[in-house]
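Colleague: Below is the file model_2.pdb, with PDB, C-alpha atoms, pLDDT in the B column.
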ATOM      1  CA  MET A  77       8.441   9.003  13.827  1.00 87.00           C
ATOM      2  CA  HIS A  78       9.054  10.933  10.651  1.00 88.00           C
ATOM      3  CA  GLY A  79       6.275  11.892   8.283  1.00 86.00           C
ATOM      4  CA  THR A  80       6.167  13.689   4.978  1.00 86.00           C
ATOM      5  CA  ILE A  81       3.761  16.339   3.811  1.00 83.00           C
ATOM      6  CA  ARG A  82       3.392  17.869   0.394  1.00 80.00           C
ATOM      7  CA  ARG A  83       3.958  21.602   0.064  1.00 76.00           C
ATOM      8  CA  SER A  84       0.636  23.281  -0.487  1.00 71.00           C
ATOM      9  CA  SER A  85      -0.915  26.722  -0.321  1.00 53.00           C
ATOM     10  CA  VAL A  86      -3.400  25.257   2.166  1.00 64.00           C
ATOM     11  CA  ASP A  87      -1.989  24.057   5.477  1.00 69.00           C
ATOM     12  CA  PHE A  88      -4.331  21.211   6.427  1.00 71.00           C
ATOM     13  CA  ARG A  89      -2.943  19.350   9.442  1.00 77.00           C
ATOM     14  CA  GLU A  90      -5.888  19.188  11.834  1.00 79.00           C
ATOM     15  CA  ARG A  91      -5.606  15.393  12.183  1.00 80.00           C
ATOM     16  CA  ILE A  92      -1.965  15.547  13.289  1.00 82.00           C
ATOM     17  CA  VAL A  93      -1.785  18.899  15.085  1.00 83.00           C
ATOM     18  CA  HIS A  94      -1.786  17.123  18.462  1.00 85.00           C
ATOM     19  CA  LEU A  95       1.477  15.381  17.479  1.00 85.00           C
ATOM     20  CA  GLU A  96       3.381  18.455  16.349  1.00 83.00           C
ATOM     21  CA  GLY A  97       5.923  19.646  18.866  1.00 83.00           C
ATOM     22  CA  THR A  98       6.134  16.303  20.633  1.00 87.00           C
ATOM     23  CA  PRO A  99       9.499  14.585  20.982  1.00 87.00           C
ATOM     24  CA  ASN A 100      10.353  12.079  18.267  1.00 86.00           C
ATOM     25  CA  PHE A 101       7.747  13.413  15.791  1.00 88.00           C
ATOM     26  CA  HIS A 102       9.211  15.144  12.753  1.00 87.00           C
ATOM     27  CA  LEU A 103       7.613  16.382   9.533  1.00 88.00           C
ATOM     28  CA  HIS A 104       9.517  16.767   6.273  1.00 90.00           C
ATOM     29  CA  TYR A 105       8.387  18.267   2.997  1.00 88.00           C
ATOM     30  CA  ALA A 106       8.379  15.751   0.146  1.00 91.00           C
ATOM     31  CA  ASP A 107       6.249  14.956  -2.862  1.00 91.00           C
ATOM     32  CA  LEU A 108       5.919  11.539  -4.479  1.00 93.00           C
ATOM     33  CA  GLY A 109       5.976  13.353  -7.819  1.00 93.00           C
ATOM     34  CA  ASP A 110       9.563  14.473  -7.115  1.00 94.00           C
ATOM     35  CA  SER A 111      12.251  11.779  -6.961  1.00 95.00           C
ATOM     36  CA  MET A 112      14.814  14.078  -5.382  1.00 96.00           C
ATOM     37  CA  SER A 113      12.586  15.053  -2.458  1.00 95.00           C
ATOM     38  CA  VAL A 114      11.772  11.388  -1.778  1.00 95.00           C
ATOM     39  CA  LEU A 115      15.441  10.426  -2.015  1.00 96.00           C
ATOM     40  CA  GLY A 116      16.394  13.353   0.228  1.00 96.00           C
ATOM     41  CA  VAL A 117      13.997  12.502   3.044  1.00 96.00           C
ATOM     42  CA  ILE A 118      14.733   8.782   2.988  1.00 96.00           C
ATOM     43  CA  GLY A 119      18.470   9.502   2.853  1.00 96.00           C
ATOM     44  CA  LYS A 120      18.260  11.920   5.776  1.00 95.00           C
ATOM     45  CA  VAL A 121      16.049   9.748   7.991  1.00 95.00           C
ATOM     46  CA  ARG A 122      17.426   6.325   6.918  1.00 95.00           C
ATOM     47  CA  PRO A 123      14.321   4.536   8.238  1.00 93.00           C
ATOM     48  CA  ASP A 124      14.039   0.894   9.192  1.00 91.00           C
ATOM     49  CA  GLU A 125      10.438   0.914   7.970  1.00 90.00           C
ATOM     50  CA  ILE A 126       8.478   2.965   5.449  1.00 91.00           C
ATOM     51  CA  TYR A 127       4.680   3.041   5.426  1.00 91.00           C
ATOM     52  CA  ASN A 128       3.474   4.503   2.144  1.00 91.00           C
ATOM     53  CA  LEU A 129      -0.046   5.776   2.743  1.00 88.00           C
ATOM     54  CA  ALA A 130       0.180   8.446   0.067  1.00 88.00           C
ATOM     55  CA  ALA A 131      -2.334   8.512  -2.752  1.00 89.00           C
ATOM     56  CA  GLN A 132      -4.630  10.592  -4.828  1.00 91.00           C
ATOM     57  CA  SER A 133      -7.396   8.355  -3.576  1.00 89.00           C
ATOM     58  CA  HIS A 134     -10.596   9.883  -4.905  1.00 92.00           C
ATOM     59  CA  VAL A 135     -11.908   7.698  -7.727  1.00 94.00           C
ATOM     60  CA  GLN A 136     -13.780  10.481  -9.564  1.00 95.00           C
ATOM     61  CA  VAL A 137     -10.756  12.782  -9.381  1.00 95.00           C
ATOM     62  CA  SER A 138      -8.731   9.999 -11.006  1.00 95.00           C
ATOM     63  CA  PHE A 139     -10.943  10.323 -14.096  1.00 96.00           C
ATOM     64  CA  ASP A 140     -10.525  14.113 -14.052  1.00 97.00           C
ATOM     65  CA  SER A 141      -6.744  13.988 -13.405  1.00 96.00           C
ATOM     66  CA  PRO A 142      -5.494  10.590 -14.573  1.00 97.00           C
ATOM     67  CA  GLU A 143      -1.905  11.714 -15.185  1.00 97.00           C
ATOM     68  CA  PHE A 144      -1.529  13.142 -11.670  1.00 96.00           C
ATOM     69  CA  THR A 145      -3.116   9.997 -10.226  1.00 96.00           C
ATOM     70  CA  ALA A 146      -0.666   7.763 -12.104  1.00 96.00           C
ATOM     71  CA  ASP A 147       2.299   9.935 -11.127  1.00 96.00           C
ATOM     72  CA  VAL A 148       1.552   9.766  -7.397  1.00 94.00           C
ATOM     73  CA  ASP A 149      -0.160   6.391  -6.967  1.00 94.00           C
ATOM     74  CA  ALA A 150       1.898   4.349  -9.429  1.00 95.00           C
ATOM     75  CA  VAL A 151       5.241   5.980 -10.139  1.00 96.00           C
ATOM     76  CA  GLY A 152       5.401   7.384  -6.589  1.00 95.00           C
ATOM     77  CA  VAL A 153       5.709   3.831  -5.281  1.00 93.00           C
ATOM     78  CA  LEU A 154       8.555   3.199  -7.705  1.00 94.00           C
ATOM     79  CA  ARG A 155      10.272   6.395  -6.518  1.00 95.00           C
ATOM     80  CA  ILE A 156      10.218   5.134  -2.923  1.00 94.00           C
ATOM     81  CA  LEU A 157      11.542   1.709  -3.931  1.00 93.00           C
ATOM     82  CA  GLU A 158      14.275   3.242  -6.072  1.00 93.00           C
ATOM     83  CA  ALA A 159      15.326   5.628  -3.300  1.00 95.00           C
ATOM     84  CA  VAL A 160      15.701   2.698  -0.905  1.00 93.00           C
ATOM     85  CA  ARG A 161      17.709   0.785  -3.526  1.00 91.00           C
ATOM     86  CA  GLN A 162      19.925   3.730  -4.462  1.00 94.00           C
ATOM     87  CA  LEU A 163      20.680   4.478  -0.817  1.00 95.00           C
ATOM     88  CA  GLY A 164      21.800   0.887  -0.227  1.00 93.00           C
ATOM     89  CA  MET A 165      19.005   0.209   2.266  1.00 92.00           C
ATOM     90  CA  VAL A 166      17.501  -2.857   0.577  1.00 88.00           C
ATOM     91  CA  GLU A 167      18.612  -5.192   3.376  1.00 86.00           C
ATOM     92  CA  THR A 168      17.673  -2.881   6.253  1.00 89.00           C
ATOM     93  CA  CYS A 169      14.433  -1.147   5.290  1.00 89.00           C
ATOM     94  CA  ARG A 170      11.009  -2.794   5.290  1.00 86.00           C
ATOM     95  CA  ILE A 171       8.300  -1.212   3.136  1.00 88.00           C
ATOM     96  CA  TYR A 172       4.544  -1.314   3.611  1.00 87.00           C
ATOM     97  CA  GLN A 173       2.533  -0.328   0.540  1.00 87.00           C
ATOM     98  CA  ALA A 174      -1.126   0.479   1.260  1.00 88.00           C
ATOM     99  CA  SER A 175      -3.600  -0.665  -1.353  1.00 86.00           C
ATOM    100  CA  THR A 176      -7.331  -0.609  -2.055  1.00 88.00           C
ATOM    101  CA  SER A 177     -10.312  -2.833  -2.756  1.00 86.00           C
ATOM    102  CA  GLU A 178     -10.704  -0.844  -5.987  1.00 90.00           C
ATOM    103  CA  LEU A 179      -8.141  -3.254  -7.507  1.00 88.00           C
ATOM    104  CA  TYR A 180     -10.891  -5.871  -7.707  1.00 88.00           C
ATOM    105  CA  GLY A 181     -13.283  -3.607  -9.615  1.00 89.00           C
ATOM    106  CA  LYS A 182     -16.212  -5.712 -10.721  1.00 81.00           C
ATOM    107  CA  VAL A 183     -16.187  -8.383  -8.040  1.00 79.00           C
ATOM    108  CA  GLU A 184     -16.704 -11.905  -9.321  1.00 78.00           C
ATOM    109  CA  GLU A 185     -16.429 -13.656  -5.965  1.00 81.00           C
ATOM    110  CA  VAL A 186     -17.297 -12.778  -2.376  1.00 85.00           C
ATOM    111  CA  PRO A 187     -15.323 -12.515  -0.238  1.00 85.00           C
ATOM    112  CA  GLN A 188     -12.144 -11.651  -2.103  1.00 82.00           C
ATOM    113  CA  ASN A 189      -8.845 -13.273  -1.188  1.00 80.00           C
ATOM    114  CA  GLU A 190      -5.256 -13.194  -2.423  1.00 78.00           C
ATOM    115  CA  ASN A 191      -6.214 -15.355  -5.410  1.00 85.00           C
ATOM    116  CA  THR A 192      -9.093 -13.143  -6.565  1.00 86.00           C
ATOM    117  CA  PRO A 193      -8.185 -11.608  -9.959  1.00 88.00           C
ATOM    118  CA  PHE A 194      -7.864  -7.857 -10.333  1.00 89.00           C
ATOM    119  CA  HIS A 195     -10.309  -5.996 -12.604  1.00 91.00           C
ATOM    120  CA  PRO A 196      -9.564  -2.299 -12.053  1.00 93.00           C
ATOM    121  CA  TYR A 197     -12.181   0.057 -13.532  1.00 93.00           C
ATOM    122  CA  SER A 198     -10.722   3.512 -12.855  1.00 96.00           C
ATOM    123  CA  PRO A 199      -7.428   5.343 -13.361  1.00 96.00           C
ATOM    124  CA  TYR A 200      -7.049   5.257  -9.565  1.00 96.00           C
ATOM    125  CA  ALA A 201      -7.414   1.463  -9.456  1.00 94.00           C
ATOM    126  CA  VAL A 202      -5.030   0.965 -12.395  1.00 96.00           C
ATOM    127  CA  ALA A 203      -2.428   3.213 -10.749  1.00 95.00           C
ATOM    128  CA  LYS A 204      -2.768   1.359  -7.443  1.00 94.00           C
ATOM    129  CA  GLN A 205      -2.435  -1.939  -9.319  1.00 93.00           C
ATOM    130  CA  TYR A 206       0.850  -0.738 -10.819  1.00 94.00           C
ATOM    131  CA  GLY A 207       2.055   0.206  -7.322  1.00 92.00           C
ATOM    132  CA  PHE A 208       1.010  -3.206  -6.023  1.00 89.00           C
ATOM    133  CA  CYS A 209       2.722  -5.054  -8.875  1.00 89.00           C
ATOM    134  CA  ILE A 210       5.943  -3.048  -8.836  1.00 90.00           C
ATOM    135  CA  ALA A 211       6.214  -3.552  -5.087  1.00 87.00           C
ATOM    136  CA  HIS A 212       5.645  -7.308  -5.315  1.00 82.00           C
ATOM    137  CA  THR A 213       7.218  -8.431  -8.577  1.00 77.00           C
ATOM    138  CA  GLN A 214      10.008  -6.052  -9.529  1.00 63.00           C
ATOM    139  CA  LEU A 215      12.093  -6.183  -6.372  1.00 64.00           C
ATOM    140  CA  PRO A 216      15.081  -8.267  -5.390  1.00 58.00           C
ATOM    141  CA  SER A 217      13.861 -11.145  -3.245  1.00 55.00           C
ATOM    142  CA  SER A 218      15.688  -9.717  -0.217  1.00 51.00           C
ATOM    143  CA  MET A 219      13.699  -6.480  -0.463  1.00 55.00           C
ATOM    144  CA  ALA A 220      10.422  -8.155  -1.386  1.00 50.00           C
ATOM    145  CA  SER A 221      10.595 -10.268   1.756  1.00 50.00           C
ATOM    146  CA  GLY A 222      10.315  -7.074   3.773  1.00 49.00           C
ATOM    147  CA  LEU A 223       7.039  -6.038   2.175  1.00 52.00           C
ATOM    148  CA  SER A 224       3.851  -6.319   4.074  1.00 42.00           C
ATOM    149  CA  LYS A 225       0.849  -7.492   2.133  1.00 43.00           C
ATOM    150  CA  SER A 226      -1.203  -4.664   0.755  1.00 45.00           C
ATOM    151  CA  THR A 227      -4.350  -3.948   2.693  1.00 45.00           C
ATOM    152  CA  VAL A 228      -7.619  -2.214   1.985  1.00 45.00           C
ATOM    153  CA  ARG A 229      -8.178   1.324   3.232  1.00 43.00           C
ATOM    154  CA  HIS A 230     -11.653   1.437   4.681  1.00 41.00           C
ATOM    155  CA  THR A 231     -13.480   4.704   4.250  1.00 42.00           C
ATOM    156  CA  THR A 232     -16.013   6.315   6.529  1.00 39.00           C
ATOM    157  CA  CYS A 233     -18.530   9.118   6.251  1.00 37.00           C
ATOM    158  CA  THR A 234     -15.660  11.537   6.913  1.00 41.00           C
ATOM    159  CA  ALA A 235     -13.585  10.170   4.039  1.00 42.00           C
ATOM    160  CA  ALA A 236     -14.154  13.155   1.752  1.00 37.00           C
ATOM    161  CA  ARG A 237     -12.671  15.477   4.370  1.00 38.00           C
ATOM    162  CA  GLU A 238      -9.690  13.152   4.767  1.00 40.00           C
ATOM    163  CA  PHE A 239      -8.821  13.018   1.069  1.00 37.00           C
ATOM    164  CA  SER A 240      -7.021  16.341   1.170  1.00 33.00           C
ATOM    165  CA  LEU A 241      -4.784  15.059   3.966  1.00 36.00           C
ATOM    166  CA  THR A 242      -4.257  11.625   2.426  1.00 36.00           C
ATOM    167  CA  MET A 243      -3.341  12.977  -0.992  1.00 34.00           C
ATOM    168  CA  SER A 244       0.424  12.853  -1.473  1.00 36.00           C
ATOM    169  CA  GLN A 245       1.170  12.253   2.164  1.00 42.00           C
ATOM    170  CA  SER A 246       3.219   9.344   3.348  1.00 46.00           C
ATOM    171  CA  VAL A 247       4.653   8.319   6.660  1.00 47.00           C
ATOM    172  CA  VAL A 248       8.224   7.300   7.210  1.00 51.00           C
ATOM    173  CA  VAL A 249       8.810   5.468  10.470  1.00 49.00           C
ATOM    174  CA  LYS A 250      12.160   4.876  12.097  1.00 46.00           C
ATOM    175  CA  HIS A 251      12.738   2.795  15.190  1.00 42.00           C
ATOM    176  CA  LEU A 252      14.238   5.153  17.756  1.00 39.00           C
TER     177      LEU A 252
END
I'd like the structure from this file rewritten - as structure tokens, please.

Modeller:
Amino acid sequence: MHGTIRRSSVDFRERIVHLEGTPNFHLHYADLGDSMSVLGVIGKVRPDEIYNLAAQSHVQVSFDSPEFTADVDAVGVLRILEAVRQLGMVETCRIYQASTSELYGKVEEVPQNENTPFHPYSPYAVAKQYGFCIAHTQLPSSMASGLSKSTVRHTTCTAAREFSLTMSQSVVVKHL
């Protein structure tokens, strides 16, 4: 398993420290705001599957830093897709793009399903909608068939503590 972490002055890895040093677990520095770092890691690892869990996922922060939110949550998805395309991995690499219930915004039906319209009400939700749409509508059919459906990230009472780990962190998985 290969994972990426964003360079930071704060080294926050308490949720994965038990994995470090184990065989077949490797961390790489990359940032979804930097095309070359994304391309470099994907080119080096050449994964069969990519699970993009990276996001600036705090709704209020998205109002305070909308440009950063769009860069990571929207364009970051495009950077992953483009890296896979440029490396000629479209036929061999499956991509999972995590999403959020925030896409639905003001809910008009309960429960939601795949036909429920999106009504995003925050920069975070709009950025995630772009990521969702680019992953599902702008890909060659051969690559799109490898996409898993986006799912909702459920939060818990510890979610605030997890945001700093979730922000700009994605996991790249390779079958070994």

Colleague: Would you please work out which residue, of A:Glu184, A:Gln132, A:Pro142, A:Glu125, is nearest to Tyr172 (chain A) when using all atoms listed in the file?

Modeller: A:Glu125

Colleague: Write out as a ChimeraX atom specification each polymer residue whose atoms come within 10 Å of Tyr180 (chain A), counting all atoms listed in the file; drop sequence neighbours fewer than 6 positions from it.

Modeller: /A:188,192-197,201,205

Colleague: Could you work out how far CA of Tyr206 (chain A) lies from CA of Gly152 (chain A), giving the answer in Å with one decimal?

Modeller: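 If I compute the distance from CA of Gly152 (chain A) to CA of Tyr206 (chain A), I get 10.2 Å.
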
Colleague: Restrict the calculation to all atoms listed in the file, then for each residue of region 120-160 of chain A with any atom at most 8 Å from an atom of region 92-114 of chain A give the closest atom pair and their distance in Å to one decimal, rows by chain and rising residue number, as a Markdown table.

Modeller:
| residue | atom | partner | partner_atom | distance |
| --- | --- | --- | --- | --- |
| A:Ala130 | CA | A:Leu108 | CA | 7.9 |
| A:Asp147 | CA | A:Gly109 | CA | 6.0 |
| A:Val148 | CA | A:Leu108 | CA | 5.5 |
| A:Val151 | CA | A:Gly109 | CA | 7.8 |
| A:Gly152 | CA | A:Leu108 | CA | 4.7 |
| A:Val153 | CA | A:Leu108 | CA | 7.8 |
| A:Arg155 | CA | A:Ser111 | CA | 5.8 |
| A:Ile156 | CA | A:Val114 | CA | 6.5 |
| A:Ala159 | CA | A:Val114 | CA | 6.9 |

Colleague: Separation of CA of Asp124 (chain A) and CA of Ile171 (chain A), in Å?

Modeller: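 Computing it gives 8.6 Å between the two atoms.
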
Colleague: Save region 127-169 of chain A to disk from that block, N, CA and C atoms included, as a PDB file, in the first residue's frame.

Modeller:
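To be explicit, this is the file written out as out_30.pdb:
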ATOM      1  N   TYR A 127      -7.372   5.470  -4.546  1.00  0.00           N
ATOM      2  CA  TYR A 127      -8.478   5.890  -3.701  1.00  0.00           C
ATOM      3  C   TYR A 127      -8.195   7.321  -3.288  1.00  0.00           C
ATOM      4  N   ASN A 128      -8.906   8.272  -3.866  1.00  0.00           N
ATOM      5  CA  ASN A 128      -8.692   9.669  -3.517  1.00  0.00           C
ATOM      6  C   ASN A 128      -9.595  10.050  -2.351  1.00  0.00           C
ATOM      7  N   LEU A 129      -8.998  10.132  -1.174  1.00  0.00           N
ATOM      8  CA  LEU A 129      -9.712  10.534   0.030  1.00  0.00           C
ATOM      9  C   LEU A 129      -9.327  11.948   0.448  1.00  0.00           C
ATOM     10  N   ALA A 130      -8.521  12.594  -0.367  1.00  0.00           N
ATOM     11  CA  ALA A 130      -8.013  13.917  -0.024  1.00  0.00           C
ATOM     12  C   ALA A 130      -9.088  14.977  -0.157  1.00  0.00           C
ATOM     13  N   ALA A 131      -9.085  15.921   0.763  1.00  0.00           N
ATOM     14  CA  ALA A 131     -10.009  17.046   0.682  1.00  0.00           C
ATOM     15  C   ALA A 131      -9.698  18.062   1.764  1.00  0.00           C
ATOM     16  N   GLN A 132     -10.008  19.291   1.463  1.00  0.00           N
ATOM     17  CA  GLN A 132     -10.172  20.287   2.519  1.00  0.00           C
ATOM     18  C   GLN A 132     -11.648  20.134   2.825  1.00  0.00           C
ATOM     19  N   SER A 133     -11.964  19.412   3.893  1.00  0.00           N
ATOM     20  CA  SER A 133     -13.336  18.962   4.085  1.00  0.00           C
ATOM     21  C   SER A 133     -14.109  19.681   5.191  1.00  0.00           C
ATOM     22  N   HIS A 134     -13.619  20.786   5.641  1.00  0.00           N
ATOM     23  CA  HIS A 134     -14.331  21.546   6.669  1.00  0.00           C
ATOM     24  C   HIS A 134     -15.151  22.633   5.970  1.00  0.00           C
ATOM     25  N   VAL A 135     -16.459  22.558   6.109  1.00  0.00           N
ATOM     26  CA  VAL A 135     -17.350  23.462   5.375  1.00  0.00           C
ATOM     27  C   VAL A 135     -17.060  24.923   5.703  1.00  0.00           C
ATOM     28  N   GLN A 136     -16.921  25.276   6.983  1.00  0.00           N
ATOM     29  CA  GLN A 136     -16.667  26.674   7.334  1.00  0.00           C
ATOM     30  C   GLN A 136     -15.337  27.158   6.771  1.00  0.00           C
ATOM     31  N   VAL A 137     -14.325  26.322   6.800  1.00  0.00           N
ATOM     32  CA  VAL A 137     -13.027  26.700   6.231  1.00  0.00           C
ATOM     33  C   VAL A 137     -13.174  26.976   4.741  1.00  0.00           C
ATOM     34  N   SER A 138     -14.083  26.269   4.072  1.00  0.00           N
ATOM     35  CA  SER A 138     -14.271  26.493   2.640  1.00  0.00           C
ATOM     36  C   SER A 138     -14.781  27.907   2.356  1.00  0.00           C
ATOM     37  N   PHE A 139     -15.517  28.500   3.282  1.00  0.00           N
ATOM     38  CA  PHE A 139     -15.938  29.891   3.122  1.00  0.00           C
ATOM     39  C   PHE A 139     -14.775  30.839   3.387  1.00  0.00           C
ATOM     40  N   ASP A 140     -13.897  30.467   4.311  1.00  0.00           N
ATOM     41  CA  ASP A 140     -12.739  31.292   4.654  1.00  0.00           C
ATOM     42  C   ASP A 140     -11.633  31.178   3.613  1.00  0.00           C
ATOM     43  N   SER A 141     -11.497  30.000   2.992  1.00  0.00           N
ATOM     44  CA  SER A 141     -10.435  29.734   2.008  1.00  0.00           C
ATOM     45  C   SER A 141     -11.014  29.037   0.779  1.00  0.00           C
ATOM     46  N   PRO A 142     -11.876  29.725   0.044  1.00  0.00           N
ATOM     47  CA  PRO A 142     -12.538  29.066  -1.092  1.00  0.00           C
ATOM     48  C   PRO A 142     -11.584  28.680  -2.219  1.00  0.00           C
ATOM     49  N   GLU A 143     -10.547  29.485  -2.450  1.00  0.00           N
ATOM     50  CA  GLU A 143      -9.621  29.172  -3.540  1.00  0.00           C
ATOM     51  C   GLU A 143      -8.823  27.907  -3.230  1.00  0.00           C
ATOM     52  N   PHE A 144      -8.338  27.776  -2.000  1.00  0.00           N
ATOM     53  CA  PHE A 144      -7.621  26.570  -1.597  1.00  0.00           C
ATOM     54  C   PHE A 144      -8.537  25.354  -1.691  1.00  0.00           C
ATOM     55  N   THR A 145      -9.773  25.509  -1.232  1.00  0.00           N
ATOM     56  CA  THR A 145     -10.743  24.414  -1.280  1.00  0.00           C
ATOM     57  C   THR A 145     -10.963  23.959  -2.721  1.00  0.00           C
ATOM     58  N   ALA A 146     -11.154  24.895  -3.630  1.00  0.00           N
ATOM     59  CA  ALA A 146     -11.354  24.548  -5.039  1.00  0.00           C
ATOM     60  C   ALA A 146     -10.111  23.896  -5.634  1.00  0.00           C
ATOM     61  N   ASP A 147      -8.942  24.385  -5.270  1.00  0.00           N
ATOM     62  CA  ASP A 147      -7.698  23.838  -5.812  1.00  0.00           C
ATOM     63  C   ASP A 147      -7.514  22.378  -5.426  1.00  0.00           C
ATOM     64  N   VAL A 148      -7.776  22.042  -4.175  1.00  0.00           N
ATOM     65  CA  VAL A 148      -7.574  20.676  -3.695  1.00  0.00           C
ATOM     66  C   VAL A 148      -8.756  19.772  -4.043  1.00  0.00           C
ATOM     67  N   ASP A 149      -9.966  20.213  -3.723  1.00  0.00           N
ATOM     68  CA  ASP A 149     -11.141  19.347  -3.836  1.00  0.00           C
ATOM     69  C   ASP A 149     -11.660  19.217  -5.259  1.00  0.00           C
ATOM     70  N   ALA A 150     -11.463  20.217  -6.075  1.00  0.00           N
ATOM     71  CA  ALA A 150     -11.951  20.170  -7.461  1.00  0.00           C
ATOM     72  C   ALA A 150     -10.811  19.865  -8.430  1.00  0.00           C
ATOM     73  N   VAL A 151      -9.882  20.781  -8.547  1.00  0.00           N
ATOM     74  CA  VAL A 151      -8.806  20.629  -9.520  1.00  0.00           C
ATOM     75  C   VAL A 151      -7.861  19.486  -9.133  1.00  0.00           C
ATOM     76  N   GLY A 152      -7.767  19.181  -7.844  1.00  0.00           N
ATOM     77  CA  GLY A 152      -6.949  18.041  -7.410  1.00  0.00           C
ATOM     78  C   GLY A 152      -7.415  16.731  -8.022  1.00  0.00           C
ATOM     79  N   VAL A 153      -8.720  16.566  -8.145  1.00  0.00           N
ATOM     80  CA  VAL A 153      -9.271  15.368  -8.787  1.00  0.00           C
ATOM     81  C   VAL A 153      -8.831  15.323 -10.244  1.00  0.00           C
ATOM     82  N   LEU A 154      -8.936  16.459 -10.918  1.00  0.00           N
ATOM     83  CA  LEU A 154      -8.506  16.535 -12.311  1.00  0.00           C
ATOM     84  C   LEU A 154      -7.018  16.206 -12.450  1.00  0.00           C
ATOM     85  N   ARG A 155      -6.212  16.660 -11.503  1.00  0.00           N
ATOM     86  CA  ARG A 155      -4.768  16.367 -11.552  1.00  0.00           C
ATOM     87  C   ARG A 155      -4.504  14.858 -11.475  1.00  0.00           C
ATOM     88  N   ILE A 156      -5.251  14.159 -10.640  1.00  0.00           N
ATOM     89  CA  ILE A 156      -5.099  12.707 -10.546  1.00  0.00           C
ATOM     90  C   ILE A 156      -5.501  12.058 -11.871  1.00  0.00           C
ATOM     91  N   LEU A 157      -6.653  12.445 -12.393  1.00  0.00           N
ATOM     92  CA  LEU A 157      -7.147  11.871 -13.645  1.00  0.00           C
ATOM     93  C   LEU A 157      -6.183  12.141 -14.796  1.00  0.00           C
ATOM     94  N   GLU A 158      -5.666  13.351 -14.858  1.00  0.00           N
ATOM     95  CA  GLU A 158      -4.717  13.699 -15.915  1.00  0.00           C
ATOM     96  C   GLU A 158      -3.407  12.933 -15.775  1.00  0.00           C
ATOM     97  N   ALA A 159      -2.939  12.743 -14.552  1.00  0.00           N
ATOM     98  CA  ALA A 159      -1.709  11.973 -14.347  1.00  0.00           C
ATOM     99  C   ALA A 159      -1.889  10.550 -14.861  1.00  0.00           C
ATOM    100  N   VAL A 160      -3.019   9.942 -14.531  1.00  0.00           N
ATOM    101  CA  VAL A 160      -3.302   8.582 -14.998  1.00  0.00           C
ATOM    102  C   VAL A 160      -3.352   8.557 -16.519  1.00  0.00           C
ATOM    103  N   ARG A 161      -3.988   9.543 -17.129  1.00  0.00           N
ATOM    104  CA  ARG A 161      -4.072   9.609 -18.592  1.00  0.00           C
ATOM    105  C   ARG A 161      -2.696   9.818 -19.225  1.00  0.00           C
ATOM    106  N   GLN A 162      -1.939  10.778 -18.692  1.00  0.00           N
ATOM    107  CA  GLN A 162      -0.630  11.081 -19.261  1.00  0.00           C
ATOM    108  C   GLN A 162       0.357   9.928 -19.129  1.00  0.00           C
ATOM    109  N   LEU A 163       0.198   9.136 -18.090  1.00  0.00           N
ATOM    110  CA  LEU A 163       1.094   7.994 -17.878  1.00  0.00           C
ATOM    111  C   LEU A 163       0.640   6.748 -18.635  1.00  0.00           C
ATOM    112  N   GLY A 164      -0.424   6.853 -19.406  1.00  0.00           N
ATOM    113  CA  GLY A 164      -0.903   5.735 -20.202  1.00  0.00           C
ATOM    114  C   GLY A 164      -1.499   4.612 -19.368  1.00  0.00           C
ATOM    115  N   MET A 165      -2.105   4.960 -18.246  1.00  0.00           N
ATOM    116  CA  MET A 165      -2.642   3.961 -17.319  1.00  0.00           C
ATOM    117  C   MET A 165      -4.166   3.881 -17.348  1.00  0.00           C
ATOM    118  N   VAL A 166      -4.787   4.501 -18.334  1.00  0.00           N
ATOM    119  CA  VAL A 166      -6.244   4.571 -18.396  1.00  0.00           C
ATOM    120  C   VAL A 166      -6.877   3.179 -18.376  1.00  0.00           C
ATOM    121  N   GLU A 167      -6.282   2.229 -19.055  1.00  0.00           N
ATOM    122  CA  GLU A 167      -6.856   0.884 -19.141  1.00  0.00           C
ATOM    123  C   GLU A 167      -6.535   0.013 -17.925  1.00  0.00           C
ATOM    124  N   THR A 168      -5.554   0.409 -17.131  1.00  0.00           N
ATOM    125  CA  THR A 168      -5.086  -0.471 -16.054  1.00  0.00           C
ATOM    126  C   THR A 168      -5.335   0.044 -14.646  1.00  0.00           C
ATOM    127  N   CYS A 169      -5.740   1.281 -14.510  1.00  0.00           N
ATOM    128  CA  CYS A 169      -5.875   1.885 -13.180  1.00  0.00           C
ATOM    129  C   CYS A 169      -7.323   2.261 -12.902  1.00  0.00           C
TER     130      CYS A 169
END
